[in-house]
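> Dropping in protein09.txt, which is compact mmCIF, C-alpha atoms:
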```
# COMPACT_ATOMS: atom_id res chain seq x y z
CA MET O 1 155.42 174.35 -66.43
CA LYS O 2 152.01 175.98 -66.97
CA PHE O 3 148.44 175.45 -65.91
CA LYS O 4 146.40 173.96 -68.74
CA LYS O 5 143.24 175.88 -67.97
CA ALA O 6 142.65 178.63 -65.45
CA VAL O 7 139.14 179.89 -64.76
CA LEU O 8 138.98 183.42 -63.38
CA VAL O 9 135.88 184.16 -61.32
CA GLU O 10 134.74 187.76 -60.79
CA ILE O 11 138.15 189.22 -61.63
CA GLU O 12 137.53 192.20 -63.89
CA ASP O 13 140.05 193.56 -66.39
CA TYR O 14 140.59 196.70 -64.29
CA ALA O 15 141.55 194.64 -61.24
CA LEU O 16 145.00 193.94 -62.69
CA ASP O 17 147.44 195.99 -64.74
CA LYS O 18 148.46 194.92 -68.25
CA LYS O 19 151.84 193.75 -67.02
CA CYS O 20 150.14 191.40 -64.58
CA TRP O 21 147.78 190.04 -67.24
CA ASP O 22 150.76 189.39 -69.51
CA GLU O 23 152.54 187.52 -66.72
CA LEU O 24 149.46 185.40 -66.07
CA ASP O 25 149.20 184.51 -69.74
CA GLY O 26 152.77 183.27 -69.58
CA LEU O 27 151.76 180.84 -66.83
CA ILE O 28 148.48 179.63 -68.30
CA GLU O 29 147.69 177.88 -71.58
CA THR O 30 143.99 178.75 -71.60
CA ARG O 31 142.38 181.56 -69.58
CA VAL O 32 138.61 181.82 -69.15
CA SER O 33 136.70 184.49 -67.23
CA ILE O 34 133.23 183.89 -65.85
CA SER O 35 130.75 185.10 -63.26
CA ARG O 36 130.02 182.90 -60.26
CA LYS O 37 126.33 183.41 -61.04
CA ASP O 38 126.65 182.17 -64.61
CA PRO O 39 124.46 179.05 -65.06
CA ASN O 40 127.34 177.41 -66.94
CA PHE O 41 129.84 178.03 -64.15
CA LEU O 42 130.20 174.47 -62.89
CA LYS O 43 130.42 173.08 -66.40
CA THR O 44 133.09 175.66 -67.28
CA ILE O 45 135.38 174.56 -64.48
CA GLU O 46 135.07 170.81 -65.16
CA ASP O 47 138.45 170.60 -66.88
CA ALA O 48 140.18 173.42 -65.02
CA ASP O 49 143.35 172.75 -63.04
CA CYS O 50 143.52 176.33 -61.72
CA LEU O 51 140.81 178.51 -60.20
CA LEU O 52 141.50 182.20 -59.61
CA VAL O 53 138.80 183.98 -57.64
CA GLY O 54 138.02 187.54 -56.64
CA PHE O 55 137.05 188.80 -53.20
CA GLN O 56 134.43 186.85 -51.22
CA ILE O 57 133.66 184.35 -53.98
CA ASP O 58 131.99 181.19 -52.72
CA VAL O 59 134.11 178.12 -53.40
CA GLY O 60 132.44 175.28 -51.55
CA LYS O 61 132.52 171.52 -51.87
CA ASP O 62 130.22 171.64 -54.88
CA VAL O 63 132.70 173.79 -56.78
CA ILE O 64 135.71 171.72 -55.77
CA ASP O 65 133.98 168.45 -56.65
CA ALA O 66 132.95 169.85 -60.04
CA ALA O 67 136.61 170.25 -61.01
CA PRO O 68 138.37 166.88 -60.55
CA ASN O 69 141.59 168.17 -62.14
CA LEU O 70 141.83 171.17 -59.83
CA LYS O 71 145.23 171.66 -58.23
CA TYR O 72 145.31 175.30 -57.23
CA ILE O 73 142.93 178.00 -55.98
CA GLY O 74 144.31 181.53 -55.95
CA VAL O 75 142.37 184.17 -54.01
CA LEU O 76 142.82 187.77 -55.16
CA ALA O 77 142.42 189.01 -51.59
CA THR O 78 143.64 188.52 -48.05
CA ALA O 79 140.26 187.19 -46.83
CA TYR O 80 139.58 183.57 -47.71
CA GLY O 81 136.62 182.67 -45.50
CA THR O 82 134.31 181.88 -48.42
CA VAL O 83 136.65 179.16 -49.68
CA ASP O 84 136.37 175.70 -48.13
CA TYR O 85 140.14 175.47 -47.77
CA GLU O 86 140.01 172.48 -45.44
CA TYR O 87 138.07 170.42 -47.97
CA ALA O 88 140.42 171.65 -50.70
CA ALA O 89 143.41 170.51 -48.65
CA SER O 90 141.83 167.07 -48.27
CA LYS O 91 141.82 166.91 -52.09
CA ASN O 92 145.47 168.00 -52.22
CA ILE O 93 144.47 171.39 -53.64
CA SER O 94 146.49 174.40 -52.51
CA VAL O 95 144.54 177.53 -51.57
CA CYS O 96 146.72 180.64 -51.58
CA ASN O 97 145.79 184.16 -50.56
CA LEU O 98 147.52 187.54 -50.66
CA ALA O 99 148.72 187.64 -47.08
CA GLY O 100 150.16 190.99 -46.12
CA TYR O 101 149.67 192.86 -49.39
CA SER O 102 147.63 195.67 -47.81
CA THR O 103 149.00 195.59 -44.28
CA GLU O 104 150.24 199.17 -44.24
CA ALA O 105 147.25 200.56 -46.12
CA VAL O 106 144.62 199.00 -43.85
CA ALA O 107 146.54 199.75 -40.66
CA GLU O 108 146.93 203.42 -41.60
CA PHE O 109 143.25 203.59 -42.54
CA THR O 110 142.26 202.16 -39.15
CA ILE O 111 144.28 204.69 -37.18
CA THR O 112 143.08 207.49 -39.46
CA MET O 113 139.43 206.69 -38.82
CA ILE O 114 139.95 206.48 -35.06
CA LEU O 115 141.70 209.86 -35.02
CA TRP O 116 139.02 211.27 -37.34
CA GLN O 117 136.41 210.32 -34.76
CA LEU O 118 138.42 211.23 -31.67
CA ARG O 119 139.29 214.71 -32.91
CA GLN O 120 135.85 215.52 -34.35
CA ILE O 121 137.34 216.15 -37.79
CA GLU O 122 134.01 215.84 -39.61
CA GLU O 123 132.42 218.47 -37.38
CA GLY O 124 135.38 220.81 -37.75
CA VAL O 125 135.42 220.49 -41.54
CA SER O 126 131.65 220.91 -41.75
CA ARG O 127 131.80 224.12 -39.73
CA ALA O 128 134.71 225.49 -41.74
CA ARG O 129 132.95 224.89 -45.07
CA LYS O 130 130.06 226.97 -43.74
CA GLY O 131 132.41 229.77 -42.65
CA ASN O 132 132.12 228.90 -38.96
CA TYR O 133 135.58 228.82 -37.40
CA GLY O 134 134.50 228.54 -33.78
CA PHE O 135 135.08 225.55 -31.54
CA GLU O 136 132.16 226.02 -29.16
CA GLY O 137 130.66 222.72 -28.11
CA MET O 138 133.48 220.63 -29.51
CA SER O 139 135.53 218.26 -27.40
CA ALA O 140 138.05 215.51 -28.04
CA ARG O 141 140.35 213.03 -26.39
CA GLU O 142 143.83 211.86 -27.24
CA LEU O 143 144.95 208.47 -28.43
CA LYS O 144 147.91 208.66 -26.05
CA ASN O 145 147.33 206.71 -22.83
CA SER O 146 144.03 205.32 -24.12
CA GLU O 147 143.24 201.62 -23.80
CA PHE O 148 143.55 200.26 -27.34
CA GLY O 149 142.32 196.78 -28.20
CA VAL O 150 143.18 194.71 -31.28
CA ILE O 151 141.10 191.68 -32.20
CA GLY O 152 143.24 189.40 -34.35
CA LEU O 153 147.00 189.89 -34.24
CA GLY O 154 147.90 188.82 -37.75
CA SER O 155 150.02 191.01 -40.00
CA ILE O 156 147.45 193.83 -40.19
CA GLY O 157 146.42 193.62 -36.55
CA ASN O 158 150.03 193.67 -35.45
CA ARG O 159 150.74 196.75 -37.57
CA VAL O 160 147.68 198.50 -36.15
CA ALA O 161 148.99 197.69 -32.68
CA GLU O 162 152.42 199.10 -33.55
CA LEU O 163 150.96 202.34 -34.89
CA ALA O 164 148.67 202.77 -31.88
CA ALA O 165 151.60 202.12 -29.55
CA GLY O 166 153.55 204.75 -31.48
CA PHE O 167 150.92 207.29 -30.44
CA GLY O 168 151.39 206.22 -26.84
CA ALA O 169 148.27 204.08 -26.51
CA LYS O 170 148.21 201.14 -24.10
CA VAL O 171 147.76 198.26 -26.51
CA SER O 172 146.23 194.88 -25.73
CA TYR O 173 145.14 192.13 -28.09
CA TRP O 174 143.02 189.01 -28.39
CA SER O 175 143.78 186.36 -30.96
CA ARG O 176 142.84 182.72 -31.34
CA ASN O 177 146.44 181.90 -30.51
CA LYS O 178 148.74 183.83 -28.19
CA LYS O 179 151.68 185.51 -29.92
CA GLU O 180 155.27 186.34 -29.10
CA THR O 181 154.72 190.08 -28.92
CA PRO O 182 155.31 193.07 -26.65
CA PHE O 183 151.56 193.63 -26.51
CA LYS O 184 149.47 192.36 -23.62
CA TYR O 185 147.12 189.44 -24.24
CA LYS O 186 143.58 189.71 -22.88
CA GLU O 187 140.61 187.40 -23.11
CA LEU O 188 138.08 188.73 -25.61
CA ASN O 189 135.48 189.83 -23.06
CA ASP O 190 138.12 191.59 -20.99
CA LEU O 191 139.47 193.38 -24.05
CA LEU O 192 136.02 194.54 -25.13
CA SER O 193 135.07 195.81 -21.71
CA SER O 194 138.33 197.66 -21.05
CA SER O 195 139.19 199.23 -24.41
CA ASP O 196 138.48 202.81 -25.46
CA ASP O 197 139.26 202.03 -29.11
CA ILE O 198 139.07 198.64 -30.82
CA SER O 199 140.32 197.45 -34.19
CA VAL O 200 138.81 194.25 -35.63
CA ASN O 201 141.33 192.40 -37.79
CA ILE O 202 140.44 188.74 -37.31
CA ALA O 203 140.16 186.59 -40.44
CA GLU O 204 136.66 185.46 -41.40
CA THR O 205 136.34 181.71 -40.94
CA PRO O 206 133.49 179.47 -39.78
CA GLU O 207 134.96 179.78 -36.26
CA THR O 208 134.90 183.58 -36.28
CA THR O 209 131.43 184.10 -37.76
CA ASN O 210 129.40 186.11 -35.23
CA LEU O 211 132.47 186.40 -33.03
CA LEU O 212 131.06 189.70 -31.81
CA ASN O 213 127.46 189.26 -30.73
CA LYS O 214 124.88 190.48 -28.23
CA ASP O 215 126.67 188.91 -25.30
CA ASN O 216 130.04 190.57 -25.78
CA LEU O 217 128.97 193.73 -27.64
CA ALA O 218 127.09 194.61 -24.48
CA LEU O 219 130.46 194.87 -22.75
CA LEU O 220 131.68 197.80 -24.84
CA LYS O 221 132.45 200.93 -22.84
CA SER O 222 130.42 204.06 -23.33
CA GLY O 223 132.36 206.24 -25.77
CA ALA O 224 134.19 203.32 -27.36
CA ILE O 225 135.15 203.43 -31.03
CA LEU O 226 134.96 200.14 -32.93
CA VAL O 227 136.65 200.01 -36.36
CA ASN O 228 136.12 196.92 -38.49
CA THR O 229 138.10 196.27 -41.68
CA VAL O 230 137.17 192.60 -42.13
CA PRO O 231 134.09 191.01 -43.77
CA PRO O 232 130.75 191.70 -42.02
CA PRO O 233 129.96 188.11 -40.87
CA VAL O 234 132.49 188.47 -38.03
CA ILE O 235 130.01 190.79 -36.28
CA ASN O 236 126.34 189.85 -35.90
CA THR O 237 124.43 192.63 -37.66
CA ASP O 238 121.24 192.50 -35.60
CA ASP O 239 123.16 192.45 -32.33
CA LEU O 240 125.37 195.32 -33.48
CA ALA O 241 122.34 197.38 -34.51
CA ALA O 242 120.84 196.83 -31.07
CA ARG O 243 124.06 197.98 -29.39
CA LEU O 244 124.27 201.04 -31.64
CA SER O 245 120.72 202.00 -30.68
CA LYS O 246 122.00 203.00 -27.25
CA GLY O 247 123.88 205.82 -28.95
CA ASP O 248 127.01 205.68 -26.80
CA ILE O 249 129.52 203.95 -29.11
CA THR O 250 130.80 204.58 -32.63
CA TYR O 251 131.10 201.90 -35.31
CA ILE O 252 133.12 202.45 -38.50
CA PHE O 253 133.61 199.84 -41.23
CA ASP O 254 134.63 199.68 -44.87
CA HIS O 255 132.84 196.62 -46.25
CA ALA O 256 129.37 198.09 -46.80
CA ASP O 257 129.41 196.80 -50.38
CA GLU O 258 129.29 193.22 -49.08
CA MET O 259 126.10 193.63 -47.08
CA THR O 260 122.53 193.19 -48.22
CA LYS O 261 120.49 196.39 -48.46
CA GLU O 262 118.35 195.15 -45.60
CA ASP O 263 121.28 194.52 -43.24
CA LEU O 264 123.00 197.76 -44.21
CA ALA O 265 119.80 199.69 -43.49
CA LYS O 266 119.76 198.26 -39.96
CA LEU O 267 123.10 199.94 -39.29
CA ASN O 268 122.66 203.12 -41.31
CA THR O 269 119.65 204.19 -39.29
CA HIS O 270 122.10 204.99 -36.49
CA LYS O 271 124.06 208.24 -36.67
CA ASN O 272 126.86 206.65 -34.67
CA CYS O 273 127.59 204.23 -37.52
CA LEU O 274 129.73 205.12 -40.52
CA ALA O 275 129.48 202.61 -43.37
CA LEU O 276 132.09 203.01 -46.10
CA GLY O 277 132.94 201.23 -49.32
CA PRO O 278 136.08 199.08 -49.49
CA ILE O 279 138.61 201.91 -49.29
CA GLY O 280 140.88 200.71 -46.51
CA PHE O 281 143.22 198.84 -48.86
CA ILE O 282 143.33 201.39 -51.67
CA THR O 283 146.86 202.71 -52.06
CA LYS O 284 149.21 202.58 -55.03
CA GLU O 285 151.62 200.54 -52.96
CA ALA O 286 148.99 197.97 -51.97
CA ARG O 287 147.84 197.55 -55.58
CA LYS O 288 151.42 196.85 -56.66
CA ASN O 289 151.93 194.37 -53.81
CA LYS O 290 148.62 192.68 -54.60
CA GLN O 291 149.56 191.87 -58.17
CA GLU O 292 153.10 190.83 -57.38
CA ILE O 293 151.97 188.39 -54.68
CA PHE O 294 149.11 187.06 -56.85
CA VAL O 295 151.46 186.18 -59.70
CA GLY O 296 154.22 185.14 -57.30
CA ASN O 297 151.91 182.61 -55.64
CA ILE O 298 151.15 181.00 -58.99
CA LYS O 299 154.81 180.86 -59.99
CA ALA O 300 155.80 179.37 -56.64
CA PHE O 301 153.16 176.64 -56.94
CA LEU O 302 154.20 175.73 -60.46
CA GLU O 303 157.81 175.52 -59.26
CA GLY O 304 156.78 173.09 -56.54
CA ALA O 305 157.15 175.44 -53.58
CA PRO O 306 153.69 176.83 -52.74
CA GLN O 307 153.63 180.02 -50.67
CA ASN O 308 150.86 181.82 -48.74
CA VAL O 309 148.91 178.57 -48.41
CA VAL O 310 146.01 179.18 -46.03
CA LYS O 311 145.44 176.82 -43.11
```
Spit out the file's structure as structure tokens when you get a sec.

Amino acid sequence: MKFKKAVLVEIEDYALDKKCWDELDGLIETRVSISRKDPNFLKTIEDADCLLVGFQIDVGKDVIDAAPNLKYIGVLATAYGTVDYEYAASKNISVCNLAGYSTEAVAEFTITMILWQLRQIEEGVSRARKGNYGFEGMSARELKNSEFGVIGLGSIGNRVAELAAGFGAKVSYWSRNKKETPFKYKELNDLLSSSDDISVNIAETPETTNLLNKDNLALLKSGAILVNTVPPPVINTDDLAARLSKGDITYIFDHADEMTKEDLAKLNTHKNCLALGPIGFITKEARKNKQEIFVGNIKAFLEGAPQNVVK
């Protein structure tokens, strides 16, 4: 069994290896690539039964209604907050993401950035490049015995928690649902007010938009490090900028490419903010996993046993 027509939205040739493209062509009769901004987009998907979309592509009711034959939406990412998956489900359309493909990569990145900040690595490297090998004025703290908070205990959040615990940190978490886990559950406000280091790993959904805002960002401890590896809407930009203006916390995130220039400027004016491109997931292993799961999801659906269906 194959899809008759698959429309690929914002998935560039370089995003997948040749082997993966060949596998896709074996599962699809007709493959069309298009930009979401193309004025002919809705017309192009009219007869599509498969929609394959890149990261953070808007797939709302208008898109779903424009494709009456649509059966499957494959997201080439873990995040799926820009897809109206509940409406899709009401139309008996499966929405599948790449759950877990970059778990290790993102978790390692999170711990790396926290240690980078804790141990003043940037300052040490900067001095060394200038031929200054002194340590005057430098100070640091250890991850061991620190209060470490994880917001969102999915696959990535859980792995972050495991790595932090491996360093001897006292790990707590908040999630929309309590988990069977060795880590201590805390209410969100309690976690924010008690944690020295915090990793944000909650999925972006309508319910989690502006999850962190002026009311709870005010609870952050002086000296706290906040690392965010999920899409920006989870944290209110204006409220975060106001909290950063106090100069006593550090914010590190790797989705700067998804922000408007205006919003990014609000954060970049603060020296205690480090905005990075989407580098948290970039490892050879994650790329391999990404493609295998992407193709595997399509195969599983065509075989009548959908996997990684978002809910």
> Would you please work out which residue, of O:Ile57, O:Leu70, O:Ile111, O:Leu267, is nearest to Asn92 (chain O) when using only C-alpha atoms?
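Result for the nearest residue to Asn92 (chain O): O:Leu70.
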> Considering only C-alpha atoms, tabulate each residue of region 85-174 of chain O that lies at most 8 Å from region 222-238 of chain O along with its nearest interatomic pair and the corresponding distance in Å to one decimal; arrange the rows by chain and ascending residue number and present them as a tab-separated table.

```
residue	atom	partner	partner_atom	distance
O:Val106	CA	O:Thr229	CA	7.4
O:Thr110	CA	O:Val227	CA	6.6
O:Met113	CA	O:Val227	CA	7.6
O:Ile114	CA	O:Ile225	CA	7.0
O:Gln117	CA	O:Ile225	CA	7.9
```
> From (126.4, 204.6, -32.0), in the file's coordinates, out to 9 Å: which residues are reached, counting all atoms listed in the file? Answer as a count of residues only.
16
> Rounded to one decimal place, report the CA of Lys19 (chain O)-CA of Leu98 (chain O) distance in Å.
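About the pair CA of Lys19 (chain O) and CA of Leu98 (chain O): they are 18.0 Å apart.
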> So what do you get for CA of Ala67 (chain O) versus CA of Lys299 (chain O), distance-wise?
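Computed distance, CA of Ala67 (chain O) to CA of Lys299 (chain O), equals 21.1 Å.
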> Please determine, counting all atoms listed in the file, which residue among O:Glu142, O:Glu303, O:Tyr80, O:Cys50 has the shortest atom-to-atom distance to Pro68 (chain O).
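Smallest separation from Pro68 (chain O) among the options: O:Cys50.
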> My list of candidates is O:Pro206, O:Gly26, O:Pro306, O:Gly137. Which is closest to Asp84 (chain O) when distances are computed with all atoms listed in the file?
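Looking at the shortest contact to Asp84 (chain O), the residue is O:Pro206.
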> Using Å and a single decimal, report how far CA of Val171 (chain O) sits from CA of Tyr185 (chain O).
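So the answer is 9.1 Å.
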> Residues near Leu143 (chain O), anyone? I mean within 8 Å using all atoms listed in the file, not counting same-chain ones fewer than 5 positions away, as a PyMOL selection string.
chain O and resi 115+118+164+167-169
> For C-alpha atoms, I'd like the residues from the last selection saved as a short mmCIF file (atom, residue, chain, number, x, y, z; two decimals), in the coordinates of the input.

```
data_model
loop_
_atom_site.label_atom_id
_atom_site.label_comp_id
_atom_site.auth_asym_id
_atom_site.auth_seq_id
_atom_site.Cartn_x
_atom_site.Cartn_y
_atom_site.Cartn_z
CA LEU O 115 141.70 209.86 -35.02
CA LEU O 118 138.42 211.23 -31.67
CA ALA O 164 148.67 202.77 -31.88
CA PHE O 167 150.92 207.29 -30.44
CA GLY O 168 151.39 206.22 -26.84
CA ALA O 169 148.27 204.08 -26.51
#
```
> Would you output region 163-176 of chain O from that structure, restricted to N, CA and C atoms, as an mmCIF file, in the first residue's frame?

```cif
data_model
loop_
_atom_site.group_PDB
_atom_site.id
_atom_site.type_symbol
_atom_site.label_atom_id
_atom_site.label_comp_id
_atom_site.auth_asym_id
_atom_site.auth_seq_id
_atom_site.Cartn_x
_atom_site.Cartn_y
_atom_site.Cartn_z
ATOM 1 N N LEU O 163 20.560 12.429 34.009
ATOM 2 C CA LEU O 163 21.933 12.930 33.914
ATOM 3 C C LEU O 163 22.266 13.841 35.093
ATOM 4 N N ALA O 164 21.327 14.720 35.451
ATOM 5 C CA ALA O 164 21.557 15.612 36.585
ATOM 6 C C ALA O 164 21.730 14.813 37.873
ATOM 7 N N ALA O 165 20.896 13.793 38.035
ATOM 8 C CA ALA O 165 21.008 12.927 39.214
ATOM 9 C C ALA O 165 22.347 12.207 39.223
ATOM 10 N N GLY O 166 22.851 11.873 38.033
ATOM 11 C CA GLY O 166 24.157 11.222 37.943
ATOM 12 C C GLY O 166 25.286 12.099 38.448
ATOM 13 N N PHE O 167 25.099 13.401 38.368
ATOM 14 C CA PHE O 167 26.091 14.343 38.907
ATOM 15 C C PHE O 167 25.887 14.572 40.402
ATOM 16 N N GLY O 168 24.836 13.997 40.946
ATOM 17 C CA GLY O 168 24.572 14.152 42.372
ATOM 18 C C GLY O 168 23.620 15.277 42.710
ATOM 19 N N ALA O 169 22.936 15.825 41.700
ATOM 20 C CA ALA O 169 21.965 16.887 41.966
ATOM 21 C C ALA O 169 20.702 16.310 42.599
ATOM 22 N N LYS O 170 20.000 17.137 43.341
ATOM 23 C CA LYS O 170 18.722 16.754 43.935
ATOM 24 C C LYS O 170 17.623 17.141 42.945
ATOM 25 N N VAL O 171 17.086 16.158 42.262
ATOM 26 C CA VAL O 171 16.207 16.414 41.131
ATOM 27 C C VAL O 171 14.729 16.373 41.523
ATOM 28 N N SER O 172 14.010 17.400 41.091
ATOM 29 C CA SER O 172 12.555 17.447 41.232
ATOM 30 C C SER O 172 11.964 17.756 39.862
ATOM 31 N N TYR O 173 10.688 17.493 39.693
ATOM 32 C CA TYR O 173 10.063 17.765 38.405
ATOM 33 C C TYR O 173 8.640 18.266 38.582
ATOM 34 N N TRP O 174 8.176 18.985 37.547
ATOM 35 C CA TRP O 174 6.754 19.283 37.400
ATOM 36 C C TRP O 174 6.351 18.836 36.013
ATOM 37 N N SER O 175 5.200 18.192 35.914
ATOM 38 C CA SER O 175 4.659 17.774 34.639
ATOM 39 C C SER O 175 3.143 17.874 34.746
ATOM 40 N N ARG O 176 2.485 17.932 33.603
ATOM 41 C CA ARG O 176 1.024 18.049 33.660
ATOM 42 C C ARG O 176 0.387 16.822 34.298
#
```
